[in-house]
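Asker: My structure is in my_file_18.cif, and what it holds is mmCIF, C-alpha atoms and all ligand atoms:
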```
data_data
loop_
_atom_site.label_atom_id
_atom_site.label_comp_id
_atom_site.auth_asym_id
_atom_site.auth_seq_id
_atom_site.Cartn_x
_atom_site.Cartn_y
_atom_site.Cartn_z
CA MET T 1 34.90 -55.13 40.78
CA GLU T 2 33.81 -58.15 42.79
CA LEU T 3 33.73 -61.25 40.63
CA THR T 4 32.33 -64.66 41.48
CA ARG T 5 34.66 -67.67 41.57
CA GLU T 6 33.37 -68.75 38.17
CA GLU T 7 33.93 -65.30 36.67
CA GLU T 8 37.47 -65.18 38.10
CA ALA T 9 38.21 -68.55 36.49
CA ILE T 10 36.94 -67.34 33.11
CA LEU T 11 39.10 -64.24 33.47
CA ARG T 12 42.16 -66.41 34.13
CA GLY T 13 41.44 -68.23 30.88
CA GLU T 14 40.33 -71.54 32.38
CA GLU T 15 37.50 -71.84 29.86
CA GLY T 16 39.63 -70.83 26.88
CA GLU T 17 40.90 -67.69 25.23
CA GLY T 18 37.63 -66.71 23.56
CA TYR T 19 35.65 -66.52 26.82
CA GLN T 20 38.63 -64.92 28.55
CA LYS T 21 38.56 -62.13 25.97
CA ALA T 22 34.81 -61.66 26.53
CA MET T 23 35.33 -61.43 30.29
CA GLU T 24 38.21 -58.96 29.90
CA ILE T 25 35.91 -56.72 27.84
CA LEU T 26 33.08 -56.82 30.40
CA VAL T 27 35.41 -56.25 33.36
CA ALA T 28 37.16 -53.32 31.64
CA LEU T 29 33.78 -51.82 30.77
CA GLY T 30 32.47 -52.39 34.29
CA LYS T 31 35.47 -50.60 35.79
CA VAL T 32 35.00 -47.59 33.50
CA GLN T 33 31.30 -47.46 34.42
CA GLY T 34 31.98 -47.85 38.15
CA ALA T 35 30.06 -51.15 38.37
CA GLN T 36 30.50 -53.19 41.57
CA ARG T 37 29.74 -56.51 39.88
CA LEU T 38 28.33 -58.29 36.88
CA ILE T 39 24.68 -59.34 36.65
CA PRO T 40 22.98 -62.02 34.54
CA VAL T 41 21.22 -60.97 31.36
CA ARG T 42 18.50 -62.93 29.55
CA SER T 43 19.23 -61.87 25.97
CA ALA T 44 21.58 -59.90 23.76
CA GLN T 45 21.12 -57.90 20.56
CA VAL T 46 24.39 -57.65 18.69
CA SER T 47 25.18 -54.84 16.24
CA GLY T 48 28.06 -54.42 13.78
CA VAL T 49 26.93 -56.62 10.92
CA SER T 50 27.17 -54.69 7.66
CA PRO T 51 30.56 -54.50 5.90
CA MET T 52 29.77 -50.78 5.64
CA THR T 53 29.95 -50.31 9.40
CA ILE T 54 32.65 -52.78 10.49
CA GLY T 55 34.93 -53.04 7.44
CA GLU T 56 37.70 -55.63 6.85
CA ALA T 57 39.25 -55.13 10.29
CA GLY T 58 35.94 -55.80 12.07
CA MET T 59 35.33 -58.87 9.93
CA GLU T 60 38.77 -60.35 10.76
CA PHE T 61 38.26 -59.59 14.47
CA LEU T 62 34.97 -61.54 14.44
CA ARG T 63 36.35 -64.46 12.45
CA ASP T 64 39.26 -64.72 14.84
CA TRP T 65 36.95 -64.71 17.88
CA ALA T 66 34.64 -67.29 16.29
CA SER T 67 37.59 -69.57 15.48
CA SER T 68 38.31 -69.89 19.23
CA GLY T 69 35.14 -72.01 19.45
CA VAL T 70 33.05 -69.73 21.70
CA LYS T 71 29.23 -70.06 21.71
CA ALA T 72 26.50 -67.74 22.99
CA ARG T 73 25.23 -68.80 26.42
CA ILE T 74 21.98 -66.79 26.12
CA TYR T 75 19.51 -66.01 23.34
CA ALA T 76 21.20 -63.48 21.09
CA THR T 77 19.90 -61.86 17.94
CA LEU T 78 21.57 -59.79 15.24
CA ASN T 79 21.14 -56.29 13.86
CA PRO T 80 20.50 -55.63 10.14
CA ALA T 81 23.11 -56.76 7.65
CA GLY T 82 24.15 -54.71 4.62
CA VAL T 83 22.18 -56.69 2.03
CA ASP T 84 18.91 -58.51 1.46
CA LEU T 85 20.24 -62.03 1.82
CA LYS T 86 17.77 -63.55 -0.65
CA SER T 87 17.05 -60.82 -3.21
CA TRP T 88 20.41 -59.05 -3.34
CA ARG T 89 21.01 -59.92 -6.98
CA SER T 90 17.70 -58.58 -8.31
CA LEU T 91 18.03 -55.47 -6.11
CA GLY T 92 21.49 -54.79 -7.56
CA TYR T 93 23.81 -55.25 -4.54
CA PRO T 94 27.47 -55.68 -5.63
CA ALA T 95 28.73 -59.29 -5.39
CA PRO T 96 32.04 -58.50 -3.53
CA PHE T 97 30.04 -56.70 -0.82
CA VAL T 98 27.70 -59.71 -0.54
CA ARG T 99 30.66 -62.13 -0.25
CA MET T 100 32.06 -60.09 2.60
CA GLN T 101 28.64 -60.02 4.25
CA ASP T 102 28.48 -63.77 4.00
CA LYS T 103 31.78 -64.17 5.89
CA ILE T 104 30.61 -61.84 8.67
CA LEU T 105 27.34 -63.72 9.09
CA LYS T 106 29.15 -67.07 9.14
CA ALA T 107 31.32 -65.81 12.01
CA TYR T 108 28.26 -64.69 14.00
CA THR T 109 26.27 -67.87 13.39
CA ALA T 110 29.33 -69.99 14.32
CA MET T 111 29.16 -68.22 17.69
CA GLY T 112 25.49 -69.15 18.03
CA ILE T 113 24.04 -65.70 17.34
CA VAL T 114 20.65 -65.96 15.61
CA PRO T 115 20.89 -64.19 12.22
CA SER T 116 17.60 -62.34 12.70
CA CYS T 117 19.09 -59.29 10.92
CA THR T 118 16.65 -56.76 12.31
CA CYS T 119 16.76 -53.73 14.59
CA THR T 120 13.31 -54.67 15.97
CA PRO T 121 14.23 -57.87 17.83
CA TYR T 122 11.16 -57.34 20.02
CA LEU T 123 8.96 -57.90 16.95
CA VAL T 124 10.53 -61.24 16.09
CA GLY T 125 10.68 -63.06 19.41
CA ASN T 126 13.49 -61.42 21.41
CA LEU T 127 11.00 -59.86 23.81
CA PRO T 128 12.22 -59.20 27.37
CA ALA T 129 9.77 -59.13 30.27
CA PRO T 130 9.30 -55.91 32.29
CA GLY T 131 12.17 -55.46 34.74
CA GLU T 132 14.37 -58.01 32.99
CA SER T 133 18.01 -57.07 32.34
CA VAL T 134 19.36 -57.61 28.83
CA ALA T 135 22.46 -56.47 26.93
CA TRP T 136 21.41 -54.85 23.71
CA ALA T 137 23.34 -52.82 21.19
CA GLU T 138 21.46 -50.81 18.51
CA SER T 139 20.33 -47.54 20.01
CA SER T 140 16.76 -47.71 18.66
CA SER T 141 16.07 -51.12 20.18
CA VAL T 142 17.82 -50.14 23.44
CA ILE T 143 15.54 -47.13 23.93
CA TYR T 144 12.47 -49.18 22.98
CA ALA T 145 13.43 -51.90 25.49
CA ASN T 146 13.93 -49.39 28.32
CA SER T 147 11.00 -47.10 27.59
CA VAL T 148 8.22 -49.23 26.11
CA LEU T 149 8.99 -52.76 27.33
CA ASN T 150 10.31 -51.51 30.69
CA ALA T 151 13.22 -53.93 30.41
CA ARG T 152 16.71 -52.75 31.41
CA THR T 153 19.71 -52.28 29.18
CA ASN T 154 22.57 -49.90 28.67
CA ARG T 155 23.42 -48.87 25.14
CA GLU T 156 25.98 -51.56 24.41
CA SER T 157 28.49 -51.51 21.58
CA GLY T 158 28.50 -54.43 19.15
CA VAL T 159 31.57 -55.85 20.91
CA SER T 160 30.24 -55.55 24.47
CA ALA T 161 26.85 -57.01 23.44
CA LEU T 162 28.69 -59.94 21.85
CA ALA T 163 30.79 -60.43 25.01
CA SER T 164 27.54 -60.45 27.02
CA ALA T 165 26.00 -62.96 24.61
CA LEU T 166 28.98 -65.27 25.16
CA LEU T 167 28.92 -64.97 28.95
CA GLY T 168 25.29 -64.15 29.81
CA ARG T 169 26.42 -61.23 31.97
CA THR T 170 26.78 -57.46 31.89
CA PRO T 171 28.16 -54.80 34.27
CA TYR T 172 25.62 -53.67 36.87
CA SER T 173 25.56 -49.97 36.02
CA GLY T 174 23.65 -47.18 34.29
CA LEU T 175 20.13 -48.07 33.17
CA HIS T 176 20.17 -51.37 35.09
CA LEU T 177 19.96 -49.24 38.26
CA ASP T 178 16.72 -47.68 39.52
CA GLU T 179 18.29 -44.26 40.14
CA ASP T 180 19.38 -43.79 36.52
CA ARG T 181 15.88 -44.54 35.18
CA LYS T 182 14.12 -41.56 36.74
CA PRO T 183 12.89 -38.76 34.44
CA THR T 184 15.17 -35.72 34.40
CA LEU T 185 13.24 -33.25 32.22
CA ALA T 186 9.61 -32.80 31.16
CA VAL T 187 8.63 -31.93 27.60
CA ASP T 188 5.20 -30.38 27.01
CA VAL T 189 4.29 -31.24 23.44
CA THR T 190 2.00 -28.53 22.08
CA ALA T 191 2.91 -29.00 18.40
CA PRO T 192 0.23 -30.88 16.43
CA MET T 193 1.31 -34.53 16.12
CA LYS T 194 -0.35 -35.80 12.96
CA ASP T 195 2.15 -38.12 11.34
CA MET T 196 4.91 -40.60 12.16
CA ALA T 197 7.41 -38.04 10.82
CA ASP T 198 6.21 -35.55 13.47
CA TYR T 199 7.24 -38.02 16.19
CA ALA T 200 10.59 -38.45 14.47
CA ALA T 201 11.08 -34.67 14.35
CA LEU T 202 10.16 -34.35 18.05
CA GLY T 203 12.67 -37.06 19.02
CA TYR T 204 15.40 -35.51 16.92
CA ALA T 205 14.84 -32.01 18.36
CA ILE T 206 14.96 -33.21 21.98
CA GLY T 207 17.73 -35.77 21.47
CA LYS T 208 20.16 -33.35 19.95
CA GLU T 209 19.85 -30.80 22.77
CA HIS T 210 19.33 -32.91 25.91
CA GLU T 211 20.47 -36.00 27.75
CA GLY T 212 19.03 -38.04 30.63
CA VAL T 213 15.46 -39.36 30.64
CA PRO T 214 12.85 -37.00 29.14
CA LEU T 215 9.22 -37.31 30.18
CA PHE T 216 6.79 -36.38 27.39
CA ARG T 217 3.42 -34.86 28.22
CA GLY T 218 0.53 -34.51 25.80
CA LEU T 219 1.35 -37.51 23.58
CA ARG T 220 -0.90 -40.44 22.65
CA PRO T 221 1.41 -42.55 20.54
CA GLY T 222 0.88 -46.05 19.19
CA MET T 223 3.59 -48.67 19.03
CA GLU T 224 4.92 -47.45 15.67
CA GLU T 225 5.11 -43.83 16.84
CA LEU T 226 7.00 -44.93 19.97
CA LYS T 227 9.44 -46.85 17.81
CA ILE T 228 10.20 -43.91 15.50
CA LEU T 229 10.29 -41.39 18.39
CA GLY T 230 12.79 -43.52 20.32
CA ALA T 231 15.05 -44.05 17.31
CA ALA T 232 15.19 -40.28 16.77
CA LEU T 233 15.90 -39.50 20.44
CA ALA T 234 18.73 -42.04 20.36
CA VAL T 235 20.51 -40.21 17.53
CA GLY T 236 21.76 -38.21 20.53
CA PRO T 237 22.74 -39.65 23.93
CA ILE T 238 19.23 -40.51 25.19
CA SER T 239 18.53 -44.22 25.85
CA MET T 240 15.25 -43.98 27.73
CA PHE T 241 12.11 -41.82 27.81
CA ARG T 242 8.84 -41.78 29.67
CA LEU T 243 5.28 -40.71 28.95
CA GLY T 244 3.33 -39.04 31.74
CA GLU T 245 1.26 -36.13 32.93
CA LYS T 246 1.84 -34.44 36.31
CA THR T 247 5.41 -33.60 37.23
CA LYS T 248 7.49 -31.16 39.24
CA LEU T 249 10.42 -31.45 36.85
CA GLU T 250 11.89 -28.57 34.90
CA THR T 251 9.66 -28.34 31.82
CA ILE T 252 10.34 -27.24 28.26
CA GLU T 253 7.85 -26.85 25.43
CA PHE T 254 7.95 -28.41 21.99
CA ASP T 255 5.72 -26.22 19.84
CA LYS T 256 4.91 -25.75 16.16
CA ALA T 257 7.97 -23.57 15.63
CA GLY T 258 10.19 -26.25 17.21
CA MET T 259 8.65 -28.81 14.87
CA GLU T 260 9.33 -26.65 11.80
CA GLU T 261 12.91 -26.10 12.91
CA ALA T 262 13.44 -29.87 13.34
CA TYR T 263 12.02 -30.54 9.86
CA ALA T 264 14.31 -27.89 8.38
CA GLY T 265 17.33 -29.37 10.16
CA LEU T 266 16.66 -32.86 8.79
CA ASN T 267 16.15 -31.82 5.15
CA THR T 268 19.34 -31.37 3.16
CA THR T 269 17.67 -30.91 -0.22
CA ASP T 270 14.35 -29.90 -1.76
CA GLU T 271 14.93 -32.13 -4.80
CA GLU T 272 12.60 -35.01 -5.65
CA PRO T 273 13.70 -38.26 -3.97
CA GLU T 274 14.94 -40.97 -6.35
CA LEU T 275 14.08 -43.61 -3.78
CA VAL T 276 11.72 -43.40 -0.79
CA CYS T 277 12.81 -45.64 2.09
CA VAL T 278 10.48 -46.58 4.94
CA GLY T 279 11.09 -48.86 7.88
CA CYS T 280 13.58 -47.15 10.19
CA PRO T 281 13.31 -48.84 12.65
CA HIS T 282 12.20 -51.89 10.66
CA ALA T 283 8.52 -51.74 9.71
CA SER T 284 6.09 -53.53 12.02
CA PRO T 285 3.48 -56.02 10.74
CA ARG T 286 0.88 -53.22 10.95
CA GLU T 287 3.02 -50.83 8.91
CA MET T 288 3.58 -53.59 6.35
CA ARG T 289 -0.17 -54.15 6.09
CA ASP T 290 -0.70 -50.43 5.43
CA LEU T 291 2.14 -50.32 2.91
CA ALA T 292 0.63 -53.27 1.06
CA LYS T 293 -2.35 -51.05 0.16
CA LEU T 294 -0.13 -48.27 -1.19
CA LYS T 295 -0.30 -47.29 -4.84
CA THR T 296 2.49 -44.98 -5.94
CA LYS T 297 4.45 -43.98 -8.99
CA ARG T 298 7.50 -43.32 -6.87
CA ARG T 299 10.15 -45.97 -6.22
CA VAL T 300 9.70 -47.18 -2.62
CA TRP T 301 11.70 -49.69 -0.58
CA ALA T 302 10.10 -50.89 2.65
CA PHE T 303 12.63 -52.36 5.08
CA THR T 304 11.48 -54.97 7.56
CA ALA T 305 12.47 -58.17 9.33
CA ARG T 306 12.22 -61.23 7.09
CA GLN T 307 9.56 -62.74 9.41
CA ASN T 308 7.36 -59.69 8.78
CA LYS T 309 7.67 -59.74 5.01
CA VAL T 310 4.35 -59.51 3.19
CA ARG T 311 3.52 -59.62 -0.48
CA ILE T 312 2.92 -56.07 -1.65
CA GLY T 313 1.60 -54.96 -4.96
CA GLY T 314 2.91 -52.56 -7.59
CA LYS T 315 6.22 -52.75 -9.39
CA ASN T 316 7.51 -49.58 -7.73
CA LEU T 317 7.18 -50.97 -4.25
CA LYS T 318 9.70 -53.49 -2.96
CA VAL T 319 10.00 -55.17 0.42
CA VAL T 320 13.65 -55.40 1.41
CA CYS T 321 14.62 -57.66 4.31
CA ASP T 322 17.69 -58.27 6.50
CA THR T 323 19.09 -54.76 5.91
CA CYS T 324 18.17 -51.07 5.98
CA MET T 325 18.65 -47.79 4.13
CA VAL T 326 21.58 -46.79 6.37
CA VAL T 327 23.69 -49.95 6.38
CA SER T 328 23.03 -50.76 2.69
CA PRO T 329 25.47 -49.23 0.19
CA LEU T 330 22.76 -47.12 -1.49
CA LYS T 331 25.32 -45.03 -3.42
CA ASP T 332 26.68 -48.20 -5.03
CA LEU T 333 23.09 -48.95 -6.03
CA GLY T 334 22.93 -45.63 -7.87
CA VAL T 335 20.91 -43.63 -5.33
CA GLU T 336 21.92 -40.05 -4.51
CA ILE T 337 18.66 -38.53 -3.23
CA VAL T 338 16.65 -40.45 -0.69
CA GLY T 339 13.26 -39.67 0.88
CA VAL T 340 12.65 -40.82 4.48
CA ASN T 341 10.07 -40.32 7.23
CA SER T 342 12.48 -41.32 10.01
CA ALA T 343 14.80 -38.79 11.65
CA LYS T 344 17.37 -41.48 12.39
CA ALA T 345 17.45 -42.50 8.74
CA ALA T 346 17.60 -38.85 7.65
CA TYR T 347 20.53 -38.12 9.95
CA TYR T 348 22.63 -41.17 9.06
CA CYS T 349 21.83 -41.16 5.33
CA ALA T 350 23.18 -37.61 5.26
CA HIS T 351 26.14 -38.00 7.63
CA LEU T 352 27.25 -41.63 7.11
CA SER T 353 26.16 -42.42 3.56
CA LYS T 354 26.57 -38.83 2.27
CA LEU T 355 23.22 -38.91 0.45
CA ARG T 356 20.98 -35.92 -0.18
CA VAL T 357 17.94 -36.28 2.07
CA ARG T 358 14.27 -35.30 1.83
CA PHE T 359 12.65 -35.81 5.24
CA GLY T 360 8.87 -35.63 5.68
CA PRO T 361 5.58 -37.50 6.12
CA LEU T 362 5.35 -40.54 3.84
CA GLY T 363 2.27 -39.15 2.08
CA GLU T 364 4.22 -36.02 1.08
CA LEU T 365 7.27 -37.97 -0.03
CA LEU T 366 5.10 -40.06 -2.33
CA ARG T 367 3.33 -37.12 -3.97
FE1 LIG C 401 17.17 -49.91 12.12
FE2 LIG C 401 18.75 -49.15 10.20
FE3 LIG C 401 17.10 -47.43 11.28
S1 LIG C 401 19.30 -50.45 11.87
S2 LIG C 401 16.87 -48.10 13.37
S3 LIG C 401 16.52 -49.24 10.12
S4 LIG C 401 19.19 -47.04 10.72
#
```
Reformat the file's structure so that it appears as C-alpha cells.
Ligand code: F3S

Answerer:
Amino acid sequence: MELTREEEAILRGEEGEGYQKAMEILVALGKVQGAQRLIPVRSAQVSGVSPMTIGEAGMEFLRDWASSGVKARIYATLNPAGVDLKSWRSLGYPAPFVRMQDKILKAYTAMGIVPSCTCTPYLVGNLPAPGESVAWAESSSVIYANSVLNARTNRESGVSALASALLGRTPYSGLHLDEDRKPTLAVDVTAPMKDMADYAALGYAIGKEHEGVPLFRGLRPGMEELKILGAALAVGPISMFRLGEKTKLETIEFDKAGMEEAYAGLNTTDEEPELVCVGCPHASPREMRDLAKLKTKRRVWAFTARQNKVRIGGKNLKVVCDTCMVVSPLKDLGVEIVGVNSAKAAYYCAHLSKLRVRFGPLGELLR
C-alpha cells in the first residue's frame, strides 16, 4: 500500500502507541482487501458495545487502548449498549452487567466516541452526504448508508471502525469504489407487501441466498421499510441494495410462496410471545409516534435512540433506549419467548440469545 508521509510516521509510532496500533489495523486490513491507499472518512459508527457481544476480553482491550490517550479525529458515534442507561433498574437489568457496561462506555467516551448508543446514527445527527465516504460498523446502518443515503462504506468491524475513528481514514476498497456498487441481480417482487414484516421477510429470503448488490423492482417503500429491509438483507453478506425498474440483469422472482417460506424460516415457535420487541433497527420518530397510539394487553418494549424517546401510554408498553432486544440479556430478564417484526431480530434472538421466536406483523403479534 502507498502511504503518505504522515501515515508512515504514525505507523512508525511517532504519534504514540495507540495511533500506531490503529494504523497497523488499517494497513493490515487494506492489504487483505487489496487497497492501494487509505482515504479520508468523515464519520465512524463503532460497534461492539454490549458486554454480551464483546465480553471481558473485549472490555480489557478497549480500556487498554483508551489508556494510551488516543482521541477520535472525526465524528464517531456508538452502537447500542446492552442496557437502558437510565431505566435499567426498573426494567430489571442485573447490576454486575450494568457495571461492566459502564466500564466499556467509559473507555469509548475517553476516546472521544459519542455515546449515542443507537444503530440508526443517521436519525440522530450522524448523517453523511451522498457520495461521502465513512467507516461504519453495524451491518444495518452500513446498508442504509450505502443504499438509501448513497454514502460509501464497507461493513467495518467494531475494531476497524474504531481505528478509522482515531485516524479519520479507511482503506480505499470495496464499496468505496464505483465498480463494486453496481447492481448484480434483479429481484421482481410480486408478493403482496402489506406490512413492515413483509419487507423483513423479503430481505431475509434474498440475503440468505445471494450476495452482491440486488436491485429490487416493484417496491414502493418508505424510510422505515427501507430500514427493516436493509437490516434483514445484511443478516447475510449483502451491504448494499438498489431500487429500480428496467434492467438487463439476471432476474429472480420473490412471490407469495417465497414470502411464506421466509416467514416459516424465521418462526421457531407458535407459542404466545411473553414480550413483543419492536425497533430493530431502532424505531424512527414516526414509528414512535404510531406506537404511542397503541393500546395492547401484551407486554411490549419499543427500542429507540434516546433522542427519539417519546412518552407512550399504557402500563404494558415501555420505551427502552440505548440498547436493543439482541444485545440486551433478555434471558436474564426472564424472557424465553419473544415476538418480533424484524427478521434481523428474529434471526439473532434465536441464534445468539437462544430465545424462542415468533416473527410476524406487529398487529398479529399483539393480538
Ligand atoms: Fe439495531 Fe439491535 Fe437490530 S443493533 S439493527 S436493533 S439487532

Asker: Report the distance between CA of Cys119 in chain T and CA of Val338 in chain T in Å, rounded to one decimal place.

Answerer: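 Separating CA of Cys119 in chain T from CA of Val338 in chain T is a distance of 20.2 Å.
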
Asker: Could you list, as a list in words, all residues that come within 6 Å of ligand LIG 401 (chain C)? Count only C-alpha atoms and all ligand atoms.

Answerer: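 Answer in the requested format: Pro80, Cys119, Ser140, Ala231, Gly279, Cys280, Pro281, His282, Cys324, Val326 and Ala345 of chain T.
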
Asker: Could you write those residues out with C-alpha atoms, as a PDB file, in the coordinates of the input?

Answerer:
```pdb
ATOM      1  CA  PRO T  80      20.500 -55.630  10.140  1.00  0.00           C
ATOM      2  CA  CYS T 119      16.760 -53.730  14.590  1.00  0.00           C
ATOM      3  CA  SER T 140      16.760 -47.710  18.660  1.00  0.00           C
ATOM      4  CA  ALA T 231      15.050 -44.050  17.310  1.00  0.00           C
ATOM      5  CA  GLY T 279      11.090 -48.860   7.880  1.00  0.00           C
ATOM      6  CA  CYS T 280      13.580 -47.150  10.190  1.00  0.00           C
ATOM      7  CA  PRO T 281      13.310 -48.840  12.650  1.00  0.00           C
ATOM      8  CA  HIS T 282      12.200 -51.890  10.660  1.00  0.00           C
ATOM      9  CA  CYS T 324      18.170 -51.070   5.980  1.00  0.00           C
ATOM     10  CA  VAL T 326      21.580 -46.790   6.370  1.00  0.00           C
ATOM     11  CA  ALA T 345      17.450 -42.500   8.740  1.00  0.00           C
TER      12      ALA T 345
END
```

Asker: Please, which residues are within 7 Å of (3.1, -31.3, 31.6) by the file's coordinates, counting only C-alpha atoms, and could they come as JSON, numbers by chain?

Answerer: {"T": [186, 187, 188, 217, 245, 246, 247]}

Asker: Find the spatial neighbours of Thr184 in chain T, counting all atoms listed in the file, within a cut-off of 8 Å - ignore same-chain residues fewer than 4 positions away - and output them as a VMD selection string.

Answerer: chain T and resid 212 to 215 249 to 250

Asker: What is the CA of Ala200 in chain T-CA of Leu229 in chain T distance in Å, reported with one decimal?

Answerer: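 Distance between the two atoms: 4.9 Å.
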
Asker: With only C-alpha atoms as the counted atoms, please give the residues lying no more than 8 Å from Pro130 in chain T, apart from itself and same-chain residues fewer than 4 positions off, as number ranges by chain.

Answerer: T: 149-151

Asker: Of the candidates T:Lys103, T:Arg152, T:Lys315, T:Arg42, which shows the shortest atom-to-atom distance to Ser164 in chain T, using all atoms listed in the file?

Answerer: T:Arg42

Asker: Enter the distance from CA of Cys349 in chain T to CA of Thr268 in chain T, in Å, rounded to one decimal.

Answerer: 10.3 Å

Asker: Between T:Ile228, T:Gly48, T:Leu105, T:Pro115, which is the closest to Thr77 in chain T once you count all atoms listed in the file?

Answerer: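 Answer, going by the shortest atom-to-atom distance: T:Pro115.
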
Asker: Can you pull out the residues contacting range 82-86 of chain T? Cut-off 6 Å, using only C-alpha atoms, and skip same-chain residues under 6 positions away; I want them as a ChimeraX atom specification.

Answerer: /T:50,321-323,327-328

Asker: Just write the chosen residues, C-alpha atoms, as a CSV table (one decimal), in the coordinates of the input.

Answerer:
```csv
chain,number,residue,atom,x,y,z
T,50,SER,CA,27.2,-54.7,7.7
T,321,CYS,CA,14.6,-57.7,4.3
T,322,ASP,CA,17.7,-58.3,6.5
T,323,THR,CA,19.1,-54.8,5.9
T,327,VAL,CA,23.7,-50.0,6.4
T,328,SER,CA,23.0,-50.8,2.7
```

Asker: Excluding Ala66 in chain T and residues on its chain fewer than 2 positions from it, collect all residues at most 7 Å away from it, counting all atoms listed in the file, and give them as a PDB file with C-alpha atoms, in the frame of the given file.

Answerer:
```pdb
ATOM      1  CA  LEU T  62      34.970 -61.540  14.440  1.00  0.00           C
ATOM      2  CA  ARG T  63      36.350 -64.460  12.450  1.00  0.00           C
ATOM      3  CA  ASP T  64      39.260 -64.720  14.840  1.00  0.00           C
ATOM      4  CA  SER T  68      38.310 -69.890  19.230  1.00  0.00           C
ATOM      5  CA  GLY T  69      35.140 -72.010  19.450  1.00  0.00           C
ATOM      6  CA  VAL T  70      33.050 -69.730  21.700  1.00  0.00           C
ATOM      7  CA  ALA T 107      31.320 -65.810  12.010  1.00  0.00           C
ATOM      8  CA  ALA T 110      29.330 -69.990  14.320  1.00  0.00           C
ATOM      9  CA  MET T 111      29.160 -68.220  17.690  1.00  0.00           C
TER      10      MET T 111
END
```

Asker: May I have the residues within 10 Å of Met240 in chain T as a list in words, using only C-alpha atoms and disregarding those fewer than 4 positions away in the same chain?

Answerer: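 The filter keeps Ser139, Ser140, Val142, Ile143, Tyr144, Ala145, Asn146, Ser147, Val148, Asn150, Arg152, Thr153, Asn154, Arg155, Leu175, Asp180, Arg181, Lys182, Pro183, Glu211, Gly212, Val213, Pro214, Leu215, Gly230, Leu233 and Ala234 of chain T.
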
Asker: Write the residues of the preceding selection, restricted to C-alpha atoms, as a CSV table (one decimal), keeping the file's coordinate frame.

Answerer:
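Printed below is part-v2.csv as written:
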```
chain,number,residue,atom,x,y,z
T,139,SER,CA,20.3,-47.5,20.0
T,140,SER,CA,16.8,-47.7,18.7
T,142,VAL,CA,17.8,-50.1,23.4
T,143,ILE,CA,15.5,-47.1,23.9
T,144,TYR,CA,12.5,-49.2,23.0
T,145,ALA,CA,13.4,-51.9,25.5
T,146,ASN,CA,13.9,-49.4,28.3
T,147,SER,CA,11.0,-47.1,27.6
T,148,VAL,CA,8.2,-49.2,26.1
T,150,ASN,CA,10.3,-51.5,30.7
T,152,ARG,CA,16.7,-52.8,31.4
T,153,THR,CA,19.7,-52.3,29.2
T,154,ASN,CA,22.6,-49.9,28.7
T,155,ARG,CA,23.4,-48.9,25.1
T,175,LEU,CA,20.1,-48.1,33.2
T,180,ASP,CA,19.4,-43.8,36.5
T,181,ARG,CA,15.9,-44.5,35.2
T,182,LYS,CA,14.1,-41.6,36.7
T,183,PRO,CA,12.9,-38.8,34.4
T,211,GLU,CA,20.5,-36.0,27.8
T,212,GLY,CA,19.0,-38.0,30.6
T,213,VAL,CA,15.5,-39.4,30.6
T,214,PRO,CA,12.8,-37.0,29.1
T,215,LEU,CA,9.2,-37.3,30.2
T,230,GLY,CA,12.8,-43.5,20.3
T,233,LEU,CA,15.9,-39.5,20.4
T,234,ALA,CA,18.7,-42.0,20.4
```

Asker: Between T:Pro94, T:Gly16, T:Gly58, T:Pro273, which is the closest to Leu333 in chain T once you count only C-alpha atoms?

Answerer: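 Checking each of T:Pro94, T:Gly16, T:Gly58, T:Pro273 against Leu333 in chain T, counting only C-alpha atoms, the winner is T:Pro94.
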
Asker: My list of candidates is T:Leu166, T:Val159, T:Ala95, T:Val114. Which is closest to Glu15 in chain T when distances are computed with only C-alpha atoms?

Answerer: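 Answer, going by the shortest atom-to-atom distance: T:Leu166.
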
Asker: Considering only C-alpha atoms, state which residue in the set T:Tyr172, T:Gly258, T:Ala135, T:Tyr19 is at the smallest distance from Pro192 in chain T.

Answerer: T:Gly258

Asker: Taking all atoms listed in the file into account, which of T:Leu185, T:Val276, T:Leu294, T:Ala264 comes nearest Lys248 in chain T?

Answerer: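 Using all atoms listed in the file, Lys248 in chain T sits closest to T:Leu185.
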
Asker: Using the file's own x, y and z axes, what box holds all listed atoms of range 29-42 of chain T with 8 Å on each side, keeping edges along x, y and z, and what are its centre and edge lengths in Å to one decimal, as lines of an AutoDock Vina configuration file?

Answerer:
```
center_x = 27.0
center_y = -55.2
center_z = 35.6
size_x = 33.0
size_y = 31.5
size_z = 28.0
```
